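Notes to accompany the following structure.
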Amino acid sequence: MRKALQHRWVGLLLWGLITALGCVVLARIELTQQRDTFETDARIVHRLLSQRVVQHDAVMATLALLQPAAPDSKPEQRLSALYPQILSVQRRDSNASWPDERLRVAETLSRALRRPALAGVDFARGRYHLVLASEPTSYALQMDLRAVVPWAEWPMAPETSAVRVLLAHDGQDWVLQPGRLGQGGWRFDFRKHLAAESQPFEVFAQRQVGWNELPWTGMLGWAALVAAALAGGLALMGQRAARRRAEELLRLGQVARLNTLGELAAGMAHELNQPLTALLANTQASMRLLEESPADMATIRSAMAQSVEQARRASAVVSRLRRAVERPDLAAQLQPVDLQQAVQRALYLLEPEFRRREVFPQMDAPPASFTVMAEPVALEQIIHNLLMNALQALEQVPTKERQLTVSMKTVAGWGEMAVLDSGPGMTEEVRARIFEPFFTTREAGLGLGLSLCETLAAGMGGSLKAAQHAPRGAVFRLSLPLAPLPPQGKP
């Protein structure tokens with residue numbers, strides 16, 4: 001009897017401990033899922049709003065391109081019909097002045113920054129102006145914040161969602177979604193600036209998870225299940241508990257992989273957004289110019305040329321994604337490629353990124369160009385990724401200290417390209433793992449870029465190495481075999 005009583009108390013103690021542990025795990029899983037859903041929705045909100053403000057920059061660039069042919073010509077007044085968020089369009093012709101002093105100040109700032117500038121931000125009324133200085137005519141758009149939001153694509157129901165979403169700028173807040181914030185429980189926060197320097201609004205999202213949102217039904221079910229398992233014996237209970245823990249770990253691993261794929265898809269969508277937005281703006285501009293009589297063919301050709309370049313850039317992004325998944329055999333696709341021309345093409349494509357970060361790249365190359373054996377698209381992908389990594393590193397240092405150099409040389413049958421930056425550099429621990437898949441030092445990074453670059457370099461018979469750059473910064477060296485010289489007497 002005493003032994004049975006002891007077993008009963010041991011069983012009750014085990015039941016209490018396992019039940020409590022299971023409830024904690026279930027609660028943590030629920031909170032993790034709530035956080036993942038919140039962060040996914042918040043990232044979608046940030047991406048949608050970033051697409052809109054980038055579109056505004058593209059519209060302003062198109063206005064600068066479509067300077068009026070005559071003083072009384074006002075094609076810009078048609079913008080409000082095309083974009084509901086544009087309440088009105090004002091312009092200042094040469095020798096004229098703005099009716100509002102704030103517009104004049106914003107035009108001066110826009111001219112200095114060489115990009116649109118904000119003016120008259122009034123979140124109380126949901127209005128702000130975007131001013132672009134250009135010659136001979138400057139433009140100002142009055143924007144409606146509520147119409148800026150793409151509600152049709154919004155990931156949440158604004159009236160019923162528990163997530164509070166607002167835009168913040170210079171002490172002002174514009175509530176996009178009221179949400180529900182109570183007392184107690186757990187609070188999730190998301191804060192990130194929109195992807196346009198001209199409209200540096202900050203997206204701020206909050207989610208309050210109360211005690212009543214925990215999976216109480218699941219917890220009660222868990223307690224009953226543990227009790228039933230104990231009735232069959234402590235040994236059987238232990239085996240079942242171990243199996244359930246293994247299944248939970250497997251499920252969590254599957255969720256983590258799905259989240260990684262979601263991040264990859266969101267990153268590629270964000271990277272494709274800019275060239276596609278520019279492509280749309282240039283194409284629409286060309287269509288409007290073709291409707292005018294006579295048509296400005298020189299401007300049309302320039303806009304279409306930019307459209308072609310942006311389409312190629314988008315195609316290169318898709319190709320990079322395909323290679324990240326398929327990883328084809330590059331050895332059969334090698335051909336002589338002029339390394340200096342490949343670098344110049346990458347610098348040309350990234351020129352807006354350099355300008356936005358106030359970085360002026362230097363190229364150190366021998367007088368005579370040389371060719372290496374490579375697959376052209378894979379080589380351009382490596383150069384593009386190395387330059388973008390350098391730019392992201394330089395964002396962490398003051399503007400005056402930003403230096404980026406691309407050097408090229410030949411060494412004993414190899415062609416070498418090095419990307420040197422004056423960023424914060426990397427520790428020995430980071431350098432040892434820099435090419436590991438999914439290893440990253442950036443909060444929003446996936447850790448696939450450098451790993452893919454190393455794989456592509458090895459597939460072409462070369463190598464990619466990383467090192468510290470004295471006195472500060474990092475250097476990445478790409479080595480590829482030189483192309484054989486043509487036989488004598490042949491070009």
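Please note that chains go A, B, ... in the order of the structure tokens, that every chain numbers its residues from 1, and that ligands are numbered from 1 in the order shown.
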Quick one: residues within 7 Å of Ala311 (chain A), only C-alpha atoms, excluding same-chain residues fewer than 3 positions away - as a list in words? Pro275, Leu279, Ser307, Val308, Ala314 and Ser315 of chain A
For Leu87 (chain A), find every residue with an atom within 8 Å (counting only C-alpha atoms), except residues of its own chain fewer than 5 positions away, and show them as a list in words. Ser80, Leu141, Gln142, Met143 and Asp144 of chain A
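Distances from A:Ala228, A:Ala117, A:Ala27, A:Val89 to Leu132 (chain A) were compared using only C-alpha atoms, and the smallest one belongs to A:Ala117.
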Report as a PyMOL selection string all protein, DNA and RNA residues lying within 10 Å of Ala278 (chain A), evaluated on only C-alpha atoms, omitting residues in the same chain fewer than 5 positions from it. chain A and resi 54-55+57-59+61-62+273+283-284+303+306-307+309-311
Ranking A:Met156, A:Leu404, A:Ala298, A:Cys23 by minimum distance to Thr217 (chain A) and counting only C-alpha atoms, which one comes first?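 Among the listed residues, the smallest separation from Thr217 (chain A) belongs to A:Cys23.
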Just checking: using only C-alpha atoms, which residue out of A:Gly462, A:Pro484, A:Gly473, A:Pro136 ends up closest to Ser94 (chain A)? A:Pro136
